[in-house]
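Have a look at the structure below, then the notes.
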Amino acid sequence: MPVSTTPQGQPIWQRRTTRAQWLQYLAWLAGVSLFLLCWKVISDNTMWVFVEDAGRQGADLISRMTPPKWGYANVLWKPMWDTINIATLGTALGIIMAFPVAFLAARNTTPHPLIRSAALMVIVSSRSINSLIWAMLLVTILGPGVLAGIIAIALRSIGFVGKLLYEAIEEIHPTPVEAISATGASRMQVMNYGVLPQVMPAFAGISVYRWDINIRESTVLGLVGAGGIGLQLNASINSLAWDQVSVIFIMIFATVLVSEWVSARVRHAII
Amino acid sequence: MLTLSGVGKRYPTGDRALTDIELTLPKGQVMALIGPSGAGKSTLIRCVNRLVEPTQGSIRLEDTELTTLSGHKLRHARRSMGMIFQEYALVDRLTVMENVLSGQLGYVGFWRSFLRRYPQEAVVEAFRLLERVGLTHAIDKRADALSGGQRQRVGIARALLQSPKLLLVDEPTASLDPKTSRQIMRLIRELCAERELAAIINIHDVALAQQFADRIVGLRAGEIVFDGLPSELDSEMLTTIYGEEEWDTTPEPIDDEAANEEPVSPPYARVMSAIEAGAAR
């Protein structure tokens, strides 16, 4: 905080020193230059011929997609049901595995720093791999089908639920935990009475939120053969049946809308 | 009954919270512990039930040396020391009954407590205690639906359900209005008399301490500077404990609640040591 004095003896206050101000201008200049440089590189690597008729191509695609082939919807009910099952069972499985991992990963409940590192490792590795990639791996191991999808969703959910839950555990009030410890409760009883009630709302909210995300993720798992509506999507795109693709899009959109509504209602009811 | 000799506590940050505390508490005595914020009052009572680990000295409850206990034995010893907290430390999302029954956690196994299947005698005792503290109507309410005074009564019932020999009371009235404060202090006092409990009560309010305690101990910068009857506490003594102030013109010293009692130590660290010390499994 630079303070100087005017010749009249009054103190002057400025937010930054002159030096800091110039450094800030310089940082802005560097940032803007980098942005423009990137812009140029991207522009040089784009084939503008293709972009120029993008509008026409887009219009063409839309004209092929309309009118949607509504009759195709009858084929889709079963895959859609599979998709919802993949999401729901996968989320449930993920939550069951994430719950203990979160308690091991939270600084205030972990039994040992080494175990904490291991639990964090589990969370990070689960998070760093997208469910589509998990599904690809699992399809090669387990063969194509719904099971691979469920496990892919579960593996991806461990990291998400585990991370948010352990952060919630680290933010609890310490005094009730102290009070429960002071009664002579065992470690597990302290978790059950002191910690769990405090993180329950967060836990429920996180779980429903992840289910909501998983509904969306499971719609694409079929692209790699892991079951659900993605299989039909892939087949329709490959056979250029764009009027079927539009029906699938509409169904996915409707399902996601319903899942948003359900999760909002559930979250509202719990919290 | 409770004997502290040479007890000291130094936090890992280097702050000395307690130095060479010598204190003997006979059965049935209600002792008030006064002193400015940061004098080590909270640390002292937390050293007794090992929510804070003393770094020096010995603490004996009857024939048990508390400072060396760990695991199952420590939990066993904690059962006989009920603790009452400033901010009540109830579990907000549990009901009043669950909060009171959590006083039994040291006596029942994990699954019984998890399924809330407490022994019938414990439930009967819980009902009796809730009636004694005047909360029969609130049994099924959630703890966060109660007023401050009511919550402190739940905290008292929880501590008593442990069937303790000793009560450790940390600023029971700091968050309460003057009338409720007096009611709570009177209740603690009566319950101690009924059950012949000894109690250490940390308190900021010197007038309340003088009115309700048998004995007053003054703590300043981690050392005992006064130990005597409430009537012996005069303004000269208060100056020794709290520092210079016109004691006669302000009969009740103004609480400095904003000041943090504990030296810098993140809250989770305190919880960790509490859990670790009590962990048998």
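The chains in the structure tokens are called A, B, ... from first to last as shown; in each chain the residues are counted from 1, and the ligands are counted from 1 in the order shown.
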- Pick out the chain A residues within 12 Å of chain B. Count only C-alpha atoms. Give them as a ChimeraX atom specification. /A:106-113,169-201,271
Export, as a PDB file, in the first residue's frame, the selected residues with C-alpha atoms.
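Below you can see out_17.pdb, which holds the result:
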ATOM      1  CA  ALA A 106     -11.053 -36.807   4.583  1.00  0.00           C
ATOM      2  CA  ARG A 107      -8.315 -35.305   6.709  1.00  0.00           C
ATOM      3  CA  ASN A 108     -10.388 -35.375   9.882  1.00  0.00           C
ATOM      4  CA  THR A 109     -11.629 -38.956   9.648  1.00  0.00           C
ATOM      5  CA  THR A 110      -8.808 -40.869   7.985  1.00  0.00           C
ATOM      6  CA  PRO A 111      -7.115 -43.471  10.172  1.00  0.00           C
ATOM      7  CA  HIS A 112      -3.661 -42.746   8.792  1.00  0.00           C
ATOM      8  CA  PRO A 113      -2.051 -40.255   6.356  1.00  0.00           C
ATOM      9  CA  ILE A 169     -16.649 -34.246   5.676  1.00  0.00           C
ATOM     10  CA  GLU A 170     -13.714 -31.876   6.087  1.00  0.00           C
ATOM     11  CA  GLU A 171     -16.101 -28.946   6.475  1.00  0.00           C
ATOM     12  CA  ILE A 172     -18.194 -30.300   9.355  1.00  0.00           C
ATOM     13  CA  HIS A 173     -18.400 -28.567  12.723  1.00  0.00           C
ATOM     14  CA  PRO A 174     -15.772 -30.071  15.009  1.00  0.00           C
ATOM     15  CA  THR A 175     -17.604 -29.488  18.298  1.00  0.00           C
ATOM     16  CA  PRO A 176     -20.302 -32.202  17.979  1.00  0.00           C
ATOM     17  CA  VAL A 177     -17.518 -34.627  17.056  1.00  0.00           C
ATOM     18  CA  GLU A 178     -15.630 -33.578  20.182  1.00  0.00           C
ATOM     19  CA  ALA A 179     -18.748 -33.993  22.263  1.00  0.00           C
ATOM     20  CA  ILE A 180     -19.429 -37.498  20.964  1.00  0.00           C
ATOM     21  CA  SER A 181     -15.771 -38.459  21.509  1.00  0.00           C
ATOM     22  CA  ALA A 182     -16.031 -37.144  25.055  1.00  0.00           C
ATOM     23  CA  THR A 183     -18.808 -39.623  25.883  1.00  0.00           C
ATOM     24  CA  GLY A 184     -16.377 -42.500  25.384  1.00  0.00           C
ATOM     25  CA  ALA A 185     -17.740 -43.462  21.972  1.00  0.00           C
ATOM     26  CA  SER A 186     -15.659 -45.679  19.706  1.00  0.00           C
ATOM     27  CA  ARG A 187     -14.284 -44.406  16.415  1.00  0.00           C
ATOM     28  CA  MET A 188     -17.120 -45.945  14.429  1.00  0.00           C
ATOM     29  CA  GLN A 189     -19.694 -44.498  16.819  1.00  0.00           C
ATOM     30  CA  VAL A 190     -18.132 -41.057  16.453  1.00  0.00           C
ATOM     31  CA  MET A 191     -18.501 -41.401  12.667  1.00  0.00           C
ATOM     32  CA  ASN A 192     -22.086 -42.571  13.007  1.00  0.00           C
ATOM     33  CA  TYR A 193     -23.245 -39.933  15.503  1.00  0.00           C
ATOM     34  CA  GLY A 194     -20.876 -37.003  15.082  1.00  0.00           C
ATOM     35  CA  VAL A 195     -19.962 -36.997  11.394  1.00  0.00           C
ATOM     36  CA  LEU A 196     -22.659 -38.803   9.419  1.00  0.00           C
ATOM     37  CA  PRO A 197     -25.667 -36.652  10.421  1.00  0.00           C
ATOM     38  CA  GLN A 198     -23.690 -33.564   9.457  1.00  0.00           C
ATOM     39  CA  VAL A 199     -22.814 -34.783   5.951  1.00  0.00           C
ATOM     40  CA  MET A 200     -26.099 -36.558   5.179  1.00  0.00           C
ATOM     41  CA  PRO A 201     -27.690 -33.634   3.270  1.00  0.00           C
ATOM     42  CA  ILE A 271     -32.370 -30.738   2.201  1.00  0.00           C
TER      43      ILE A 271
END
Shell around A:Gly145 at 10 Å using only C-alpha atoms, local window under 5 positions removed, as a JSON list (two decimals) with all heavy atoms, in the first residue's frame:
[["chain", "number", "residue", "atom", "x", "y", "z"],
["A", 82, "ASP", "N", -32.73, -49.51, -20.84],
["A", 82, "ASP", "CA", -31.37, -49.96, -20.52],
["A", 82, "ASP", "C", -30.52, -48.78, -20.07],
["A", 82, "ASP", "O", -29.78, -48.87, -19.08],
["A", 82, "ASP", "CB", -30.70, -50.58, -21.75],
["A", 82, "ASP", "CG", -31.18, -52.01, -21.99],
["A", 82, "ASP", "OD1", -31.86, -52.55, -21.09],
["A", 82, "ASP", "OD2", -30.88, -52.56, -23.06],
["A", 135, "ALA", "N", -15.65, -47.25, -20.39],
["A", 135, "ALA", "CA", -16.53, -48.18, -21.10],
["A", 135, "ALA", "C", -15.76, -48.91, -22.20],
["A", 135, "ALA", "O", -15.89, -50.11, -22.37],
["A", 135, "ALA", "CB", -17.72, -47.42, -21.69],
["A", 138, "LEU", "N", -13.70, -51.52, -20.61],
["A", 138, "LEU", "CA", -14.48, -52.62, -20.05],
["A", 138, "LEU", "C", -15.13, -53.47, -21.13],
["A", 138, "LEU", "O", -15.32, -54.67, -20.96],
["A", 138, "LEU", "CB", -15.53, -52.06, -19.10],
["A", 138, "LEU", "CG", -14.92, -51.58, -17.79],
["A", 138, "LEU", "CD1", -15.84, -50.62, -17.07],
["A", 138, "LEU", "CD2", -14.60, -52.77, -16.90],
["A", 139, "VAL", "N", -15.47, -52.83, -22.27],
["A", 139, "VAL", "CA", -16.06, -53.61, -23.36],
["A", 139, "VAL", "C", -15.03, -54.62, -23.88],
["A", 139, "VAL", "O", -15.37, -55.76, -24.17],
["A", 139, "VAL", "CB", -16.57, -52.69, -24.49],
["A", 139, "VAL", "CG1", -16.86, -53.48, -25.75],
["A", 139, "VAL", "CG2", -17.82, -51.97, -24.04],
["A", 150, "ILE", "N", -22.63, -50.35, -16.87],
["A", 150, "ILE", "CA", -22.90, -50.11, -15.45],
["A", 150, "ILE", "C", -21.58, -49.91, -14.71],
["A", 150, "ILE", "O", -21.43, -48.97, -13.92],
["A", 150, "ILE", "CB", -23.67, -51.31, -14.83],
["A", 150, "ILE", "CG1", -25.08, -51.35, -15.41],
["A", 150, "ILE", "CG2", -23.71, -51.20, -13.32],
["A", 150, "ILE", "CD1", -25.87, -52.56, -14.99],
["A", 221, "LEU", "N", -22.73, -44.10, -24.00],
["A", 221, "LEU", "CA", -21.88, -45.28, -23.79],
["A", 221, "LEU", "C", -22.05, -46.31, -24.91],
["A", 221, "LEU", "O", -21.11, -47.03, -25.24],
["A", 221, "LEU", "CB", -22.20, -45.94, -22.45],
["A", 221, "LEU", "CG", -21.78, -45.15, -21.22],
["A", 221, "LEU", "CD1", -22.05, -45.95, -19.95],
["A", 221, "LEU", "CD2", -20.30, -44.81, -21.30],
["A", 222, "GLY", "N", -23.25, -46.35, -25.52],
["A", 222, "GLY", "CA", -23.50, -47.29, -26.60],
["A", 222, "GLY", "C", -22.58, -47.08, -27.80],
["A", 222, "GLY", "O", -22.33, -48.02, -28.56],
["A", 224, "VAL", "N", -19.54, -46.99, -27.86],
["A", 224, "VAL", "CA", -18.42, -47.93, -27.82],
["A", 224, "VAL", "C", -18.90, -49.34, -27.51],
["A", 224, "VAL", "O", -18.12, -50.22, -27.19],
["A", 224, "VAL", "CB", -17.35, -47.49, -26.81],
["A", 224, "VAL", "CG1", -16.73, -46.19, -27.23],
["A", 224, "VAL", "CG2", -17.94, -47.38, -25.41],
["A", 225, "GLY", "N", -20.21, -49.54, -27.53],
["A", 225, "GLY", "CA", -20.74, -50.90, -27.39],
["A", 225, "GLY", "C", -21.14, -51.27, -25.98],
["A", 225, "GLY", "O", -21.37, -52.44, -25.68],
["A", 226, "ALA", "N", -21.22, -50.27, -25.08],
["A", 226, "ALA", "CA", -21.54, -50.60, -23.71],
["A", 226, "ALA", "C", -23.03, -50.53, -23.39],
["A", 226, "ALA", "O", -23.42, -50.27, -22.27],
["A", 226, "ALA", "CB", -20.75, -49.70, -22.77],
["A", 227, "GLY", "N", -23.88, -50.78, -24.37],
["A", 227, "GLY", "CA", -25.31, -50.87, -24.11],
["A", 227, "GLY", "C", -26.01, -49.53, -24.09],
["A", 227, "GLY", "O", -25.39, -48.48, -24.07],
["A", 228, "GLY", "N", -27.35, -49.58, -24.11],
["A", 228, "GLY", "CA", -28.14, -48.37, -24.03],
["A", 228, "GLY", "C", -28.43, -47.77, -25.39],
["A", 228, "GLY", "O", -28.11, -48.34, -26.45],
["A", 231, "LEU", "N", -26.09, -47.28, -28.74],
["A", 231, "LEU", "CA", -25.94, -48.30, -29.79],
["A", 231, "LEU", "C", -26.78, -47.93, -31.01],
["A", 231, "LEU", "O", -26.30, -47.95, -32.15],
["A", 231, "LEU", "CB", -26.39, -49.66, -29.26],
["A", 231, "LEU", "CG", -25.38, -50.49, -28.46],
["A", 231, "LEU", "CD1", -26.06, -51.71, -27.88],
["A", 231, "LEU", "CD2", -24.23, -50.89, -29.35]]
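Every protein, DNA or RNA residue with an atom at most 12 Å from A:Met121, where only C-alpha atoms count and chain neighbours fewer than 6 positions away do not, is listed here: Val101, Ala102, Leu104, Ala105, Leu114, Ile115, Arg127, Ser128, Ile158, Gly159, Gly162 and Lys163 of chain A.
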Keeping only all heavy atoms, write those residues as a PDB file, in the first residue's frame.
ATOM      1  N   VAL A 101     -14.523 -44.703   0.797  1.00  0.00           N
ATOM      2  CA  VAL A 101     -13.319 -44.031   0.282  1.00  0.00           C
ATOM      3  C   VAL A 101     -13.282 -42.585   0.774  1.00  0.00           C
ATOM      4  O   VAL A 101     -12.238 -42.074   1.181  1.00  0.00           O
ATOM      5  CB  VAL A 101     -13.277 -44.101  -1.258  1.00  0.00           C
ATOM      6  CG1 VAL A 101     -12.145 -43.239  -1.803  1.00  0.00           C
ATOM      7  CG2 VAL A 101     -13.090 -45.533  -1.725  1.00  0.00           C
ATOM      8  N   ALA A 102     -14.455 -41.929   0.780  1.00  0.00           N
ATOM      9  CA  ALA A 102     -14.502 -40.526   1.212  1.00  0.00           C
ATOM     10  C   ALA A 102     -14.081 -40.390   2.670  1.00  0.00           C
ATOM     11  O   ALA A 102     -13.343 -39.476   3.026  1.00  0.00           O
ATOM     12  CB  ALA A 102     -15.913 -39.961   1.014  1.00  0.00           C
ATOM     13  N   LEU A 104     -12.105 -42.335   4.272  1.00  0.00           N
ATOM     14  CA  LEU A 104     -10.669 -42.579   4.376  1.00  0.00           C
ATOM     15  C   LEU A 104      -9.865 -41.404   3.833  1.00  0.00           C
ATOM     16  O   LEU A 104      -8.725 -41.191   4.216  1.00  0.00           O
ATOM     17  CB  LEU A 104     -10.290 -43.857   3.607  1.00  0.00           C
ATOM     18  CG  LEU A 104     -10.925 -45.144   4.115  1.00  0.00           C
ATOM     19  CD1 LEU A 104     -10.505 -46.322   3.250  1.00  0.00           C
ATOM     20  CD2 LEU A 104     -10.537 -45.410   5.562  1.00  0.00           C
ATOM     21  N   ALA A 105     -10.481 -40.634   2.934  1.00  0.00           N
ATOM     22  CA  ALA A 105      -9.748 -39.552   2.283  1.00  0.00           C
ATOM     23  C   ALA A 105      -9.868 -38.228   3.032  1.00  0.00           C
ATOM     24  O   ALA A 105      -9.046 -37.337   2.824  1.00  0.00           O
ATOM     25  CB  ALA A 105     -10.241 -39.369   0.848  1.00  0.00           C
ATOM     26  N   LEU A 114      -1.142 -42.282   5.333  1.00  0.00           N
ATOM     27  CA  LEU A 114      -0.829 -43.140   4.186  1.00  0.00           C
ATOM     28  C   LEU A 114      -2.105 -43.663   3.534  1.00  0.00           C
ATOM     29  O   LEU A 114      -2.229 -43.679   2.303  1.00  0.00           O
ATOM     30  CB  LEU A 114       0.050 -44.315   4.625  1.00  0.00           C
ATOM     31  CG  LEU A 114       1.548 -44.022   4.677  1.00  0.00           C
ATOM     32  CD1 LEU A 114       2.304 -45.240   5.149  1.00  0.00           C
ATOM     33  CD2 LEU A 114       2.043 -43.581   3.296  1.00  0.00           C
ATOM     34  N   ILE A 115      -3.052 -44.061   4.390  1.00  0.00           N
ATOM     35  CA  ILE A 115      -4.338 -44.530   3.863  1.00  0.00           C
ATOM     36  C   ILE A 115      -5.030 -43.392   3.136  1.00  0.00           C
ATOM     37  O   ILE A 115      -5.663 -43.578   2.097  1.00  0.00           O
ATOM     38  CB  ILE A 115      -5.212 -45.073   5.012  1.00  0.00           C
ATOM     39  CG1 ILE A 115      -4.522 -46.274   5.631  1.00  0.00           C
ATOM     40  CG2 ILE A 115      -6.612 -45.419   4.516  1.00  0.00           C
ATOM     41  CD1 ILE A 115      -5.264 -46.920   6.759  1.00  0.00           C
ATOM     42  N   ARG A 127     -11.429 -40.164 -11.344  1.00  0.00           N
ATOM     43  CA  ARG A 127     -11.871 -38.908 -11.953  1.00  0.00           C
ATOM     44  C   ARG A 127     -11.161 -38.593 -13.264  1.00  0.00           C
ATOM     45  O   ARG A 127     -11.709 -37.906 -14.126  1.00  0.00           O
ATOM     46  CB  ARG A 127     -11.617 -37.748 -10.995  1.00  0.00           C
ATOM     47  CG  ARG A 127     -12.687 -37.533  -9.971  1.00  0.00           C
ATOM     48  CD  ARG A 127     -12.182 -36.648  -8.872  1.00  0.00           C
ATOM     49  NE  ARG A 127     -11.772 -35.337  -9.369  1.00  0.00           N
ATOM     50  CZ  ARG A 127     -12.627 -34.370  -9.682  1.00  0.00           C
ATOM     51  NH1 ARG A 127     -13.903 -34.560  -9.549  1.00  0.00           N
ATOM     52  NH2 ARG A 127     -12.176 -33.213 -10.113  1.00  0.00           N
ATOM     53  N   SER A 128      -9.911 -39.067 -13.359  1.00  0.00           N
ATOM     54  CA  SER A 128      -9.139 -38.624 -14.509  1.00  0.00           C
ATOM     55  C   SER A 128      -9.537 -39.353 -15.785  1.00  0.00           C
ATOM     56  O   SER A 128      -9.150 -38.948 -16.875  1.00  0.00           O
ATOM     57  CB  SER A 128      -7.647 -38.828 -14.234  1.00  0.00           C
ATOM     58  OG  SER A 128      -7.411 -40.188 -13.970  1.00  0.00           O
ATOM     59  N   ILE A 158     -17.215 -43.012  -8.580  1.00  0.00           N
ATOM     60  CA  ILE A 158     -16.466 -43.095  -7.314  1.00  0.00           C
ATOM     61  C   ILE A 158     -15.703 -41.798  -7.080  1.00  0.00           C
ATOM     62  O   ILE A 158     -15.772 -41.198  -6.009  1.00  0.00           O
ATOM     63  CB  ILE A 158     -15.449 -44.260  -7.343  1.00  0.00           C
ATOM     64  CG1 ILE A 158     -16.170 -45.583  -7.389  1.00  0.00           C
ATOM     65  CG2 ILE A 158     -14.535 -44.202  -6.134  1.00  0.00           C
ATOM     66  CD1 ILE A 158     -15.221 -46.750  -7.543  1.00  0.00           C
ATOM     67  N   GLY A 159     -14.985 -41.354  -8.099  1.00  0.00           N
ATOM     68  CA  GLY A 159     -14.168 -40.162  -7.949  1.00  0.00           C
ATOM     69  C   GLY A 159     -14.996 -38.932  -7.654  1.00  0.00           C
ATOM     70  O   GLY A 159     -14.688 -38.166  -6.747  1.00  0.00           O
ATOM     71  N   GLY A 162     -16.831 -39.397  -4.271  1.00  0.00           N
ATOM     72  CA  GLY A 162     -15.809 -39.446  -3.229  1.00  0.00           C
ATOM     73  C   GLY A 162     -15.213 -38.084  -2.956  1.00  0.00           C
ATOM     74  O   GLY A 162     -15.095 -37.662  -1.816  1.00  0.00           O
ATOM     75  N   LYS A 163     -14.882 -37.353  -4.004  1.00  0.00           N
ATOM     76  CA  LYS A 163     -14.243 -36.047  -3.824  1.00  0.00           C
ATOM     77  C   LYS A 163     -15.178 -35.056  -3.135  1.00  0.00           C
ATOM     78  O   LYS A 163     -14.814 -34.442  -2.141  1.00  0.00           O
ATOM     79  CB  LYS A 163     -13.794 -35.485  -5.162  1.00  0.00           C
ATOM     80  CG  LYS A 163     -13.076 -34.143  -5.019  1.00  0.00           C
ATOM     81  CD  LYS A 163     -12.551 -33.673  -6.347  1.00  0.00           C
ATOM     82  CE  LYS A 163     -12.146 -32.223  -6.319  1.00  0.00           C
ATOM     83  NZ  LYS A 163     -11.006 -31.943  -5.457  1.00  0.00           N
TER      84      LYS A 163
END
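Note that atom CA of B:Asp170 and atom CA of B:Thr64 are 22.8 Å apart.
Near stretch 18-20 of chain B, within 10 Å and counting only C-alpha atoms, sit Leu4, Ser5, Gly6, Val7, Gly8, Lys9, Arg10, Tyr11, Ala39, Gly40, Lys41, Thr43, Leu44, Cys47, Pro54, Thr55, Gln56, Gly57, Leu219, Arg220, Ala221, Gly222, Glu223 and Ile224 of chain B; same-chain residues fewer than 4 positions away were not included.
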Emit the selected residues as a tab-separated table (two decimals), in the first residue's frame, including C-alpha atoms.
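result37.tsv, freshly written:
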chain	number	residue	atom	x	y	z
B	4	LEU	CA	-3.72	-32.78	38.55
B	5	SER	CA	-0.03	-32.52	39.28
B	6	GLY	CA	2.52	-30.70	37.21
B	7	VAL	CA	0.23	-30.61	34.19
B	8	GLY	CA	1.55	-28.63	31.25
B	9	LYS	CA	0.49	-28.23	27.66
B	10	ARG	CA	2.51	-26.83	24.81
B	11	TYR	CA	0.88	-26.69	21.39
B	39	ALA	CA	-5.70	-18.19	29.72
B	40	GLY	CA	-5.98	-21.93	29.08
B	41	LYS	CA	-9.32	-22.73	30.78
B	43	THR	CA	-7.32	-26.47	27.39
B	44	LEU	CA	-7.26	-27.44	31.06
B	47	CYS	CA	-6.67	-32.18	29.06
B	54	PRO	CA	-1.32	-32.75	27.97
B	55	THR	CA	2.40	-32.65	27.27
B	56	GLN	CA	3.51	-32.87	30.92
B	57	GLY	CA	2.39	-34.04	34.31
B	219	LEU	CA	-6.06	-18.87	35.70
B	220	ARG	CA	-3.81	-16.37	34.00
B	221	ALA	CA	-1.55	-17.18	31.05
B	222	GLY	CA	-1.71	-20.88	31.84
B	223	GLU	CA	-0.88	-20.62	35.54
B	224	ILE	CA	-3.05	-20.77	38.63
- Task: Tell me which protein, DNA and RNA residues are within 12 Å of stretch 66-80 of chain A, counting only C-alpha atoms, leaving out same-chain ones fewer than 4 positions away, and put them as a PyMOL selection string.
- Result: chain A and resi 59-62+84-87+145-146+215-216+218-222+226-233+236+241-256
Since we have the selection now, will you write its residues out, keeping N, CA and C atoms, as a tab-separated table (two decimals), in the first residue's frame?
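Produced file result16.tsv, reproduced below:
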chain	number	residue	atom	x	y	z
A	59	ALA	N	-28.01	-26.73	-42.98
A	59	ALA	CA	-29.40	-26.72	-43.44
A	59	ALA	C	-29.74	-28.06	-44.08
A	60	ASP	N	-28.79	-28.60	-44.82
A	60	ASP	CA	-28.99	-29.89	-45.47
A	60	ASP	C	-29.23	-30.98	-44.43
A	61	LEU	N	-28.37	-30.97	-43.38
A	61	LEU	CA	-28.50	-31.98	-42.32
A	61	LEU	C	-29.87	-31.89	-41.66
A	62	ILE	N	-30.27	-30.63	-41.39
A	62	ILE	CA	-31.56	-30.46	-40.72
A	62	ILE	C	-32.70	-30.96	-41.63
A	84	ILE	N	-31.39	-45.94	-18.73
A	84	ILE	CA	-31.75	-45.47	-17.39
A	84	ILE	C	-31.23	-46.45	-16.34
A	85	ASN	N	-31.32	-47.75	-16.65
A	85	ASN	CA	-30.82	-48.75	-15.71
A	85	ASN	C	-29.31	-48.64	-15.52
A	86	ILE	N	-28.60	-48.45	-16.63
A	86	ILE	CA	-27.15	-48.29	-16.53
A	86	ILE	C	-26.83	-47.14	-15.59
A	87	ALA	N	-27.50	-46.01	-15.81
A	87	ALA	CA	-27.23	-44.83	-14.99
A	87	ALA	C	-27.55	-45.10	-13.53
A	145	GLY	N	-22.14	-54.82	-23.92
A	145	GLY	CA	-23.37	-55.06	-23.18
A	145	GLY	C	-23.56	-54.09	-22.04
A	146	VAL	N	-24.70	-54.27	-21.37
A	146	VAL	CA	-25.11	-53.34	-20.31
A	146	VAL	C	-24.15	-53.39	-19.12
A	215	ILE	N	-27.21	-40.13	-16.18
A	215	ILE	CA	-28.25	-40.35	-17.20
A	215	ILE	C	-27.71	-39.81	-18.52
A	216	ARG	N	-27.14	-38.62	-18.50
A	216	ARG	CA	-26.61	-38.03	-19.73
A	216	ARG	C	-25.42	-38.81	-20.27
A	218	SER	N	-24.68	-41.95	-19.81
A	218	SER	CA	-24.98	-43.31	-20.26
A	218	SER	C	-25.63	-43.31	-21.65
A	219	THR	N	-26.14	-42.16	-22.10
A	219	THR	CA	-26.73	-42.13	-23.44
A	219	THR	C	-25.67	-42.30	-24.53
A	220	VAL	N	-24.42	-41.97	-24.22
A	220	VAL	CA	-23.39	-42.09	-25.25
A	220	VAL	C	-22.56	-43.38	-25.13
A	221	LEU	N	-22.73	-44.10	-24.00
A	221	LEU	CA	-21.88	-45.28	-23.79
A	221	LEU	C	-22.05	-46.31	-24.91
A	222	GLY	N	-23.25	-46.35	-25.52
A	222	GLY	CA	-23.50	-47.29	-26.60
A	222	GLY	C	-22.58	-47.08	-27.80
A	226	ALA	N	-21.22	-50.27	-25.08
A	226	ALA	CA	-21.54	-50.60	-23.71
A	226	ALA	C	-23.03	-50.53	-23.39
A	227	GLY	N	-23.88	-50.78	-24.37
A	227	GLY	CA	-25.31	-50.87	-24.11
A	227	GLY	C	-26.01	-49.53	-24.09
A	228	GLY	N	-27.35	-49.58	-24.11
A	228	GLY	CA	-28.14	-48.37	-24.03
A	228	GLY	C	-28.43	-47.77	-25.39
A	229	ILE	N	-28.98	-46.60	-25.37
A	229	ILE	CA	-29.50	-45.97	-26.58
A	229	ILE	C	-28.39	-45.53	-27.52
A	230	GLY	N	-27.17	-45.41	-27.00
A	230	GLY	CA	-26.04	-45.03	-27.84
A	230	GLY	C	-25.79	-46.01	-28.97
A	231	LEU	N	-26.09	-47.28	-28.74
A	231	LEU	CA	-25.94	-48.30	-29.79
A	231	LEU	C	-26.78	-47.93	-31.01
A	232	GLN	N	-28.06	-47.60	-30.75
A	232	GLN	CA	-28.96	-47.22	-31.83
A	232	GLN	C	-28.48	-45.93	-32.50
A	233	LEU	N	-27.99	-45.01	-31.67
A	233	LEU	CA	-27.50	-43.74	-32.22
A	233	LEU	C	-26.36	-44.00	-33.19
A	236	SER	N	-27.63	-45.67	-36.38
A	236	SER	CA	-28.38	-44.76	-37.24
A	236	SER	C	-27.44	-43.79	-37.96
A	241	ALA	N	-29.14	-42.63	-41.38
A	241	ALA	CA	-30.59	-42.49	-41.19
A	241	ALA	C	-30.85	-41.32	-40.25
A	242	TRP	N	-30.72	-40.10	-40.81
A	242	TRP	CA	-30.76	-38.90	-39.97
A	242	TRP	C	-32.13	-38.68	-39.36
A	243	ASP	N	-33.18	-39.19	-40.04
A	243	ASP	CA	-34.51	-39.00	-39.45
A	243	ASP	C	-34.68	-39.86	-38.19
A	244	GLN	N	-33.89	-40.99	-38.12
A	244	GLN	CA	-33.91	-41.77	-36.88
A	244	GLN	C	-33.08	-41.08	-35.80
A	245	VAL	N	-31.95	-40.51	-36.22
A	245	VAL	CA	-31.10	-39.81	-35.26
A	245	VAL	C	-31.88	-38.72	-34.54
A	246	SER	N	-32.71	-37.98	-35.30
A	246	SER	CA	-33.45	-36.90	-34.65
A	246	SER	C	-34.42	-37.45	-33.62
A	247	VAL	N	-35.01	-38.62	-33.87
A	247	VAL	CA	-35.91	-39.21	-32.87
A	247	VAL	C	-35.13	-39.53	-31.60
A	248	ILE	N	-33.92	-40.09	-31.81
A	248	ILE	CA	-33.10	-40.43	-30.63
A	248	ILE	C	-32.75	-39.17	-29.84
A	249	PHE	N	-32.35	-38.10	-30.56
A	249	PHE	CA	-32.03	-36.84	-29.88
A	249	PHE	C	-33.21	-36.37	-29.04
A	250	ILE	N	-34.39	-36.43	-29.64
A	250	ILE	CA	-35.57	-35.94	-28.91
A	250	ILE	C	-35.81	-36.79	-27.66
A	251	MET	N	-35.61	-38.11	-27.79
A	251	MET	CA	-35.84	-38.98	-26.62
A	251	MET	C	-34.82	-38.71	-25.52
A	252	ILE	N	-33.56	-38.54	-25.93
A	252	ILE	CA	-32.53	-38.24	-24.92
A	252	ILE	C	-32.86	-36.94	-24.21
A	253	PHE	N	-33.24	-35.96	-25.03
A	253	PHE	CA	-33.58	-34.64	-24.48
A	253	PHE	C	-34.71	-34.76	-23.45
A	254	ALA	N	-35.75	-35.53	-23.82
A	254	ALA	CA	-36.89	-35.68	-22.91
A	254	ALA	C	-36.46	-36.39	-21.62
A	255	THR	N	-35.63	-37.43	-21.75
A	255	THR	CA	-35.19	-38.17	-20.56
A	255	THR	C	-34.38	-37.28	-19.63
A	256	VAL	N	-33.47	-36.50	-20.22
A	256	VAL	CA	-32.64	-35.62	-19.40
A	256	VAL	C	-33.51	-34.59	-18.68
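Those residues that approach B:Lys27 to within 9 Å, counting only C-alpha atoms, are Met1, Leu2, Leu25, Gln29, Val30, Lys165, Leu166, Glu196, Leu197, Ala198 and Ala199 of chain B; same-chain residues fewer than 2 positions away are not listed.
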